[in-house]
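Participant: I have a structure I would like to understand better, so I am pasting it below and will then ask my questions one at a time.
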Amino acid sequence: MNSTILLKAHKVSKAFQGFLAVAGADLEISPGEIVGIIGPNGAGKSTFFNCLSGELAPTSGSVIFEGVDVTRKTPEEHARLGMGRTYQVPATFEDMTILDNVMVGAFLRHAHQANARQEAMRILEFTDLKAQADHRAKSLGTPGRKRLEIARALATRPRLLLLDEALSGLTPLEIQQAIALVREIHRTGVTLVIVEHIMEVVLTLAQRVIVFNHGEIIATGRPEEIANDTKVIGAYLGTGRRSRRSAAMSSLDGHGA
Amino acid sequence: MRWAWVVLGGVLLVAPLTFQDPFYGRMIALMLLWAVLASAWNIVGGYAGQVAIGHAVFFGVGAYVPLLVYTHWQGVPLLGIPVGIAVSVGIAVLVGVPTFRLLGHYFSMATIAVAELIRLLVTNWEFVGAARGLGGPGTGRTIWDLSYRSSIPYYYIFLAVFTLVLGFTYWMEQSRMGYYLRAIKAGQRAARSLGVSAPRYKLYAMIVSAAFTSLAGSLYAVMLGFVDPDSVFGIMVSVQMVIMAALGGAGTLIGPLVGAALLIALQTFANSLFGGQGNGLTFILYGGIIILLSRFEPGGLLEIWNHYLARKRRKEGTE
């Protein structure tokens, strides 16, 4: 067991009926990092993310969290071991109050209602949701729901928090607030993995960025390195389109010849 | 809120004094029996949101075992109660483990299938009386046979059991289990990501639900002194539990009692007005309730009442 590595994904692959969504992805995360995962839509980053959080079992490869092999463990075991996550489309418990939503998370570490409630209130204060504690979750808009998902996951006291597009669909102001919250969480000692398809957000937050394209990691590095990487720029701006066009041209050429 | 509980408790305690007539005495005893059943279903169906439509299995097992004890060994039927509960819990585990992997309607259909299978098995099993069913002691041999001509003693027995279910449900609402069950109902995927072991908690809910259903079944058989496969293992038993809980308010503490009281009253009057045809009328009524609930207010009557209260409060607030 290597204590300087919090999470280690080794050659993780996931195939859906023959379609390889993630192909042999490697990743090592040290405690205290903020790691960003970016890539165009359909690049496999969310599938990879779900393999890390236990939502999906990888077809092959392994995931080690704090020295424990969690590759085939259930999502609830991941939570118990100290991994929290949010969902791309917020999955808040709509008919429950905001306080109760967070209490569900808090019950993981507290057996009694009073303690769970106290912990939940503390987290609602931290995430700026305290004023709405008694409202039902469905009364919140998208930014509120994303915030509630983060609060709920924090209540399980994760050492590693995985955020799946927690910032997409927000206005620039809301993004600024969300970034501030993520920084606050990081300051409390939680390691973070952030999946986004908006590159700018990740580049300002993450210390290290991983770029997915066609199921493979095509680049890893510091944000400023990634921003200038030609492969990354190609993946985002679509070398695909260019190469298709050139293929069409060459086939025309072929006909001409 | 506390005075409401005191009033409810008082009303339930003195109700038999106002309903001295045997006809009504039987009606209110049945209301409480069904309140127990609907409340038992409510734990797994209402709170955990797992719409099982096969609880007749537990009711039937509970009803059969005490009369089996009498028929085969001339024993006191009451001795069959713990055995019935044990068998029901065993079935709950055996059926729950595989079927809880199914979600939504698929789970409901699986529970119907299991219940019907067991009904057919019992109908063809000579040891348990096959299609004829079983009888209990005609007249009470000792006080332990719990054989009374009046329905009122049974009313109080059911009231005691109802208090037990209600007490459990109240405790559950405040505890980790209640929060976890509601989270599973609201979104199992997200619940699991928060450390909720959905398979385990659904099974817990099913076990408690089966145990209470079985206990009610046993007491019903002791009261009636006779059971046959269709009346206790039939699908109408399962459906009725669901409809009563849903009509009053699934996933609420008192909803099942409200639903049971209303439907048993309607049924009783339909039967007395239309005789044998009353039964057919009941089925039509159930169909109507299902359509109305799913179209207008899946939360049931209590939810309508809450909406009304909220609107009134808002109006008072603006004035």
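Chain labels follow the order of the structure tokens: the first chain is A, the next B, and so on; residue numbering restarts at 1 in every chain, and ligands are counted from 1 in their shown order.
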If we count only C-alpha atoms, which residues of chain B reach to within 10 Å of chain A? Please list them as number ranges by chain.

Facilitator: B: 174-198

Participant: Restrict the selected residues to N, CA and C atoms and save them as a compact mmCIF listing (two decimals), in the first residue's frame.

Facilitator:
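In the end it all went to part.txt:
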```txt
# COMPACT_ATOMS: atom_id res chain seq x y z
N GLN B 174 -38.42 8.49 12.63
CA GLN B 174 -37.42 9.35 13.26
C GLN B 174 -36.01 8.77 13.17
N SER B 175 -35.91 7.54 12.70
CA SER B 175 -34.61 6.88 12.78
C SER B 175 -33.94 6.81 11.42
N ARG B 176 -32.71 6.34 11.45
CA ARG B 176 -31.94 6.18 10.23
C ARG B 176 -32.73 5.37 9.20
N MET B 177 -33.39 4.31 9.67
CA MET B 177 -34.11 3.43 8.74
C MET B 177 -35.17 4.22 7.95
N GLY B 178 -35.93 5.08 8.64
CA GLY B 178 -36.97 5.85 7.96
C GLY B 178 -36.38 6.78 6.90
N TYR B 179 -35.31 7.45 7.24
CA TYR B 179 -34.65 8.35 6.29
C TYR B 179 -34.14 7.56 5.09
N TYR B 180 -33.53 6.41 5.38
CA TYR B 180 -32.97 5.60 4.31
C TYR B 180 -34.08 5.08 3.38
N LEU B 181 -35.20 4.63 3.97
CA LEU B 181 -36.28 4.11 3.13
C LEU B 181 -36.83 5.21 2.23
N ARG B 182 -37.03 6.41 2.80
CA ARG B 182 -37.55 7.50 1.98
C ARG B 182 -36.56 7.89 0.90
N ALA B 183 -35.28 7.81 1.21
CA ALA B 183 -34.26 8.12 0.20
C ALA B 183 -34.28 7.09 -0.93
N ILE B 184 -34.47 5.82 -0.56
CA ILE B 184 -34.53 4.76 -1.58
C ILE B 184 -35.73 5.02 -2.50
N LYS B 185 -36.85 5.41 -1.89
CA LYS B 185 -38.05 5.70 -2.67
C LYS B 185 -37.81 6.88 -3.61
N ALA B 186 -37.13 7.91 -3.10
CA ALA B 186 -36.93 9.13 -3.87
C ALA B 186 -35.89 8.96 -4.97
N GLY B 187 -34.97 8.04 -4.82
CA GLY B 187 -33.95 7.83 -5.84
C GLY B 187 -32.91 6.86 -5.35
N GLN B 188 -33.06 5.61 -5.76
CA GLN B 188 -32.20 4.56 -5.21
C GLN B 188 -30.73 4.76 -5.56
N ARG B 189 -30.48 5.23 -6.81
CA ARG B 189 -29.10 5.40 -7.26
C ARG B 189 -28.37 6.41 -6.37
N ALA B 190 -29.01 7.57 -6.20
CA ALA B 190 -28.40 8.62 -5.38
C ALA B 190 -28.28 8.16 -3.93
N ALA B 191 -29.30 7.44 -3.45
CA ALA B 191 -29.26 6.97 -2.06
C ALA B 191 -28.04 6.08 -1.85
N ARG B 192 -27.80 5.19 -2.79
CA ARG B 192 -26.66 4.28 -2.64
C ARG B 192 -25.34 5.04 -2.63
N SER B 193 -25.27 6.12 -3.43
CA SER B 193 -24.02 6.89 -3.47
C SER B 193 -23.78 7.59 -2.13
N LEU B 194 -24.82 7.69 -1.29
CA LEU B 194 -24.65 8.30 0.03
C LEU B 194 -24.44 7.24 1.11
N GLY B 195 -24.22 6.01 0.69
CA GLY B 195 -23.92 4.96 1.65
C GLY B 195 -25.11 4.16 2.11
N VAL B 196 -26.28 4.37 1.46
CA VAL B 196 -27.47 3.62 1.84
C VAL B 196 -27.43 2.25 1.16
N SER B 197 -27.36 1.20 1.95
CA SER B 197 -27.39 -0.13 1.36
C SER B 197 -28.83 -0.47 1.01
N ALA B 198 -29.21 -0.14 -0.22
CA ALA B 198 -30.61 -0.29 -0.63
C ALA B 198 -31.11 -1.73 -0.50
```

Participant: Can you pull out every residue within 9 Å of range 121-129 of chain A, counting only C-alpha atoms, but drop anything in the same chain fewer than 2 positions away, and send it as a CSV table (one decimal) with C-alpha atoms, in the first residue's frame?

Facilitator:
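Result file follows (result-v4.csv):
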```csv
chain,number,residue,atom,x,y,z
A,98,ILE,CA,-33.4,20.1,2.0
A,99,LEU,CA,-32.4,19.3,5.6
A,102,VAL,CA,-28.5,16.2,3.8
A,103,MET,CA,-29.4,14.1,6.8
A,116,ALA,CA,-27.3,13.6,12.1
A,117,ARG,CA,-29.4,16.7,12.2
A,118,GLN,CA,-26.7,18.7,13.9
A,119,GLU,CA,-24.1,17.6,11.3
A,131,ALA,CA,-32.1,29.5,5.1
A,132,GLN,CA,-34.0,27.0,2.9
A,133,ALA,CA,-33.5,24.0,5.2
A,144,GLY,CA,-29.5,25.1,-5.8
A,147,ARG,CA,-25.3,22.8,-4.3
A,148,LEU,CA,-27.6,20.4,-2.4
A,150,ILE,CA,-22.6,18.6,-3.0
A,151,ALA,CA,-23.9,19.3,0.6
A,152,ARG,CA,-25.4,15.8,0.7
A,154,LEU,CA,-20.2,16.2,2.1
A,155,ALA,CA,-22.4,14.9,4.9
A,181,LEU,CA,-17.5,26.6,-2.7
A,184,GLU,CA,-13.8,26.1,0.4
```

Participant: Determine which residues of range 24-267 of chain B receive a DSSP assignment of strand (DSSP E or B), computed from the backbone, and state them as JSON, numbers by chain.

Facilitator: {"B": [134, 135, 226, 227]}

Participant: From the set B:Ile53, B:Leu134, B:Val69, B:Leu166, which residue has the shortest atom-to-atom contact distance to Ile254 in chain B, counting only C-alpha atoms?

Facilitator: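 The answer is B:Leu166, which sits nearest to Ile254 in chain B.
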
Participant: Can you work out which one of A:Ala23, A:Ile64, A:Ile194, A:Val211 has the shortest atom-to-atom distance to Ile179 in chain A, counting only C-alpha atoms?

Facilitator: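 The answer is A:Ile194, which sits nearest to Ile179 in chain A.
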
Participant: Which residues come within 12 Å of Val83 in chain B, counting only C-alpha atoms, excluding same-chain residues fewer than 2 positions away, as an NGL selection string?

Facilitator: :B and (58 or 61-69 or 77-81 or 85-90 or 211 or 214-215 or 218)

Participant: If I take CA of Leu103 in chain B and CA of Val51 in chain B, how far is one from the other in Å, to one decimal?

Facilitator: 9.6 Å

Participant: So that I can check the surroundings of range 65-69 of chain A, please list as a ChimeraX atom specification every protein, DNA and RNA residue that reaches within 9 Å of it, counting only C-alpha atoms and ignoring chain neighbours fewer than 3 positions away.

Facilitator: /A:1-9,62,72-73,78,81-83

Participant: Produce a file of the selected residues containing C-alpha atoms, as a compact mmCIF listing (two decimals), in the first residue's frame.

Facilitator:
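What landed in again-v6.txt:
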```txt
# COMPACT_ATOMS: atom_id res chain seq x y z
CA MET A 1 0.00 0.00 0.00
CA ASN A 2 1.32 3.39 -1.01
CA SER A 3 0.14 6.06 1.41
CA THR A 4 0.93 8.95 -0.92
CA ILE A 5 -1.68 7.77 -3.42
CA LEU A 6 -5.35 8.28 -2.53
CA LEU A 7 -6.90 6.78 -5.63
CA LYS A 8 -5.28 4.68 -8.29
CA ALA A 9 -7.03 3.55 -11.45
CA SER A 62 -8.69 -2.06 -11.26
CA ARG A 72 -16.17 -4.47 -7.80
CA LYS A 73 -17.52 -2.85 -4.63
CA HIS A 78 -17.54 3.40 -1.84
CA LEU A 81 -14.84 4.03 2.53
CA GLY A 82 -14.82 7.79 1.99
CA MET A 83 -15.74 8.52 -1.62
```

Participant: Which residues come within 8 Å of range 13-20 of chain B, counting only C-alpha atoms, excluding same-chain residues fewer than 5 positions away, as an mmCIF file with C-alpha atoms, in the first residue's frame?

Facilitator:
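Result went into result08.cif, see below:
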```
data_model
loop_
_atom_site.group_PDB
_atom_site.id
_atom_site.type_symbol
_atom_site.label_atom_id
_atom_site.label_comp_id
_atom_site.auth_asym_id
_atom_site.auth_seq_id
_atom_site.Cartn_x
_atom_site.Cartn_y
_atom_site.Cartn_z
ATOM 1 C CA GLY B 25 -69.149 -3.842 16.028
ATOM 2 C CA ILE B 28 -65.171 -1.320 13.337
ATOM 3 C CA ILE B 152 -65.680 -6.086 20.557
ATOM 4 C CA TYR B 155 -61.685 -4.890 18.254
#
```

Participant: Write out as a ChimeraX atom specification the residues lying within 8 Å of Leu301 in chain B, counting only C-alpha atoms and excluding same-chain residues fewer than 3 positions away.

Facilitator: /B:247-249,255,297,304-305

Participant: Would you write out those residues with C-alpha atoms, as a short mmCIF file (atom, residue, chain, number, x, y, z; two decimals), in the first residue's frame?

Facilitator:
```cif
data_model
loop_
_atom_site.label_atom_id
_atom_site.label_comp_id
_atom_site.auth_asym_id
_atom_site.auth_seq_id
_atom_site.Cartn_x
_atom_site.Cartn_y
_atom_site.Cartn_z
CA LEU B 247 -56.18 6.24 -0.54
CA GLY B 248 -55.31 7.55 2.92
CA GLY B 249 -51.75 8.45 2.05
CA GLY B 255 -52.98 7.45 6.09
CA GLU B 297 -53.41 13.00 -6.22
CA ILE B 304 -55.23 16.76 -0.23
CA TRP B 305 -55.84 17.77 3.38
#
```

Participant: If you run DSSP on the backbone, which residues of range 83-298 of chain B are alpha helix (DSSP H), as a compact mmCIF listing (two decimals) with C-alpha atoms, in the first residue's frame?

Facilitator:
```txt
# COMPACT_ATOMS: atom_id res chain seq x y z
CA VAL B 83 -44.64 -20.00 13.74
CA GLY B 84 -46.68 -18.08 11.18
CA ILE B 85 -44.52 -15.01 11.66
CA ALA B 86 -41.34 -17.06 11.32
CA VAL B 87 -42.57 -18.70 8.11
CA SER B 88 -43.69 -15.33 6.71
CA VAL B 89 -40.34 -13.74 7.48
CA GLY B 90 -38.62 -16.70 5.82
CA ILE B 91 -40.73 -16.22 2.71
CA ALA B 92 -40.08 -12.46 2.80
CA VAL B 93 -36.32 -13.09 2.73
CA LEU B 94 -36.51 -15.82 0.09
CA VAL B 95 -38.72 -13.71 -2.17
CA GLY B 96 -37.19 -10.35 -1.30
CA VAL B 97 -33.57 -11.11 -2.11
CA PRO B 98 -34.17 -11.90 -5.79
CA THR B 99 -37.17 -9.60 -6.45
CA HIS B 105 -43.50 -2.31 -12.07
CA TYR B 106 -41.30 -5.34 -12.58
CA PHE B 107 -41.01 -5.73 -8.82
CA SER B 108 -44.81 -5.43 -8.41
CA MET B 109 -45.46 -8.05 -11.06
CA ALA B 110 -42.97 -10.46 -9.50
CA THR B 111 -44.74 -10.20 -6.14
CA ILE B 112 -48.12 -10.88 -7.76
CA ALA B 113 -46.68 -13.96 -9.45
CA VAL B 114 -45.24 -15.36 -6.22
CA ALA B 115 -48.50 -14.76 -4.33
CA GLU B 116 -50.61 -16.46 -6.98
CA LEU B 117 -48.20 -19.38 -7.11
CA ILE B 118 -48.52 -19.93 -3.37
CA ARG B 119 -52.31 -19.59 -3.51
CA LEU B 120 -52.43 -22.36 -6.13
CA LEU B 121 -50.07 -24.48 -4.06
CA VAL B 122 -52.27 -24.15 -0.97
CA THR B 123 -55.43 -24.83 -3.00
CA ILE B 152 -65.68 -6.09 20.56
CA PRO B 153 -62.91 -8.20 22.22
CA TYR B 154 -61.37 -8.62 18.77
CA TYR B 155 -61.69 -4.89 18.25
CA TYR B 156 -59.48 -4.30 21.28
CA ILE B 157 -57.00 -7.00 20.25
CA PHE B 158 -56.67 -5.34 16.84
CA LEU B 159 -56.38 -1.96 18.54
CA ALA B 160 -53.43 -3.23 20.58
CA VAL B 161 -51.73 -4.57 17.45
CA PHE B 162 -52.51 -1.35 15.57
CA THR B 163 -50.86 0.64 18.36
CA LEU B 164 -47.83 -1.62 17.99
CA VAL B 165 -47.54 -1.05 14.20
CA LEU B 166 -48.12 2.66 14.61
CA GLY B 167 -45.52 2.83 17.37
CA PHE B 168 -42.99 1.03 15.22
CA THR B 169 -43.72 3.23 12.22
CA TYR B 170 -43.39 6.36 14.35
CA TRP B 171 -40.04 5.19 15.71
CA MET B 172 -38.92 4.29 12.19
CA GLU B 173 -39.83 7.74 10.82
CA GLN B 174 -37.42 9.35 13.26
CA ARG B 176 -31.94 6.18 10.23
CA MET B 177 -34.11 3.43 8.74
CA GLY B 178 -36.97 5.85 7.96
CA TYR B 179 -34.65 8.35 6.29
CA TYR B 180 -32.97 5.60 4.31
CA LEU B 181 -36.28 4.11 3.13
CA ARG B 182 -37.55 7.50 1.98
CA ALA B 183 -34.26 8.12 0.20
CA ILE B 184 -34.53 4.76 -1.58
CA LYS B 185 -38.05 5.70 -2.67
CA ALA B 186 -36.93 9.13 -3.87
CA GLN B 188 -32.20 4.56 -5.21
CA ARG B 189 -29.10 5.40 -7.26
CA ALA B 190 -28.40 8.62 -5.38
CA ALA B 191 -29.26 6.97 -2.06
CA ARG B 192 -26.66 4.28 -2.64
CA SER B 193 -24.02 6.89 -3.47
CA ALA B 198 -30.61 -0.29 -0.63
CA PRO B 199 -30.85 -4.10 -0.85
CA ARG B 200 -30.41 -4.47 2.90
CA TYR B 201 -32.86 -1.76 3.96
CA LYS B 202 -35.54 -2.86 1.53
CA LEU B 203 -35.23 -6.32 2.99
CA TYR B 204 -35.51 -5.00 6.56
CA ALA B 205 -38.69 -3.15 5.58
CA MET B 206 -40.10 -6.26 3.92
CA ILE B 207 -39.36 -8.42 6.97
CA VAL B 208 -41.12 -6.08 9.41
CA SER B 209 -44.00 -5.63 7.00
CA ALA B 210 -44.38 -9.40 6.56
CA ALA B 211 -44.25 -10.03 10.31
CA PHE B 212 -47.07 -7.57 11.08
CA THR B 213 -49.14 -8.82 8.14
CA SER B 214 -48.76 -12.37 9.36
CA LEU B 215 -49.74 -11.42 12.92
CA ALA B 216 -52.89 -9.72 11.61
CA GLY B 217 -53.66 -12.78 9.50
CA SER B 218 -53.41 -15.05 12.54
CA LEU B 219 -55.76 -12.88 14.59
CA TYR B 220 -58.21 -12.67 11.69
CA ALA B 221 -58.30 -16.47 11.47
CA VAL B 222 -58.82 -16.77 15.24
CA MET B 223 -61.70 -14.30 15.04
CA LEU B 224 -63.36 -15.91 12.04
CA PRO B 229 -57.38 -20.20 0.09
CA ASP B 230 -59.29 -17.53 -1.82
CA SER B 231 -60.33 -15.43 1.16
CA VAL B 232 -56.84 -15.15 2.68
CA PHE B 233 -54.38 -15.92 -0.15
CA ILE B 235 -55.11 -11.29 -4.81
CA MET B 236 -57.91 -9.05 -3.49
CA VAL B 237 -56.28 -9.17 -0.04
CA SER B 238 -53.03 -7.81 -1.51
CA VAL B 239 -54.80 -5.22 -3.64
CA GLN B 240 -56.95 -4.03 -0.75
CA MET B 241 -53.89 -3.39 1.43
CA VAL B 242 -52.35 -1.27 -1.32
CA ILE B 243 -55.52 0.68 -2.09
CA MET B 244 -56.28 1.49 1.54
CA ALA B 245 -52.78 2.79 2.21
CA ALA B 246 -52.71 4.74 -1.05
CA LEU B 247 -56.18 6.24 -0.54
CA GLY B 248 -55.31 7.55 2.92
CA GLY B 255 -52.98 7.45 6.09
CA PRO B 256 -53.55 3.68 6.22
CA LEU B 257 -56.05 4.04 9.09
CA VAL B 258 -57.97 6.72 7.19
CA GLY B 259 -58.05 4.59 4.03
CA ALA B 260 -59.04 1.42 5.89
CA ALA B 261 -61.86 3.12 7.82
CA LEU B 262 -63.30 4.68 4.67
CA LEU B 263 -63.13 1.60 2.47
CA ILE B 264 -64.44 -0.83 5.09
CA ALA B 265 -67.37 1.52 5.76
CA LEU B 266 -68.13 1.81 2.04
CA GLN B 267 -67.83 -1.94 1.60
CA THR B 268 -70.07 -2.70 4.55
CA PHE B 269 -72.81 -0.39 3.33
CA ALA B 270 -72.48 -1.58 -0.27
CA ASN B 271 -72.91 -5.16 0.93
CA SER B 272 -75.91 -4.36 3.09
CA LEU B 273 -77.57 -2.31 0.34
CA PHE B 274 -76.95 -4.61 -2.59
CA GLY B 278 -72.19 -5.50 -3.23
CA ASN B 279 -68.92 -7.32 -3.82
CA GLY B 280 -68.94 -6.53 -7.51
CA LEU B 281 -69.66 -2.93 -6.63
CA THR B 282 -66.58 -2.90 -4.36
CA PHE B 283 -64.37 -3.94 -7.26
CA ILE B 284 -65.78 -1.16 -9.44
CA LEU B 285 -65.14 1.25 -6.59
CA TYR B 286 -61.50 0.09 -6.30
CA GLY B 287 -60.99 0.62 -10.02
CA GLY B 288 -62.39 4.12 -9.70
CA ILE B 289 -60.16 4.92 -6.71
CA ILE B 290 -57.04 3.74 -8.54
CA ILE B 291 -57.85 5.91 -11.56
CA LEU B 292 -58.68 8.99 -9.49
CA LEU B 293 -55.62 8.67 -7.26
CA SER B 294 -53.15 8.16 -10.07
CA ARG B 295 -54.71 10.93 -12.15
CA PHE B 296 -55.21 13.63 -9.50
```
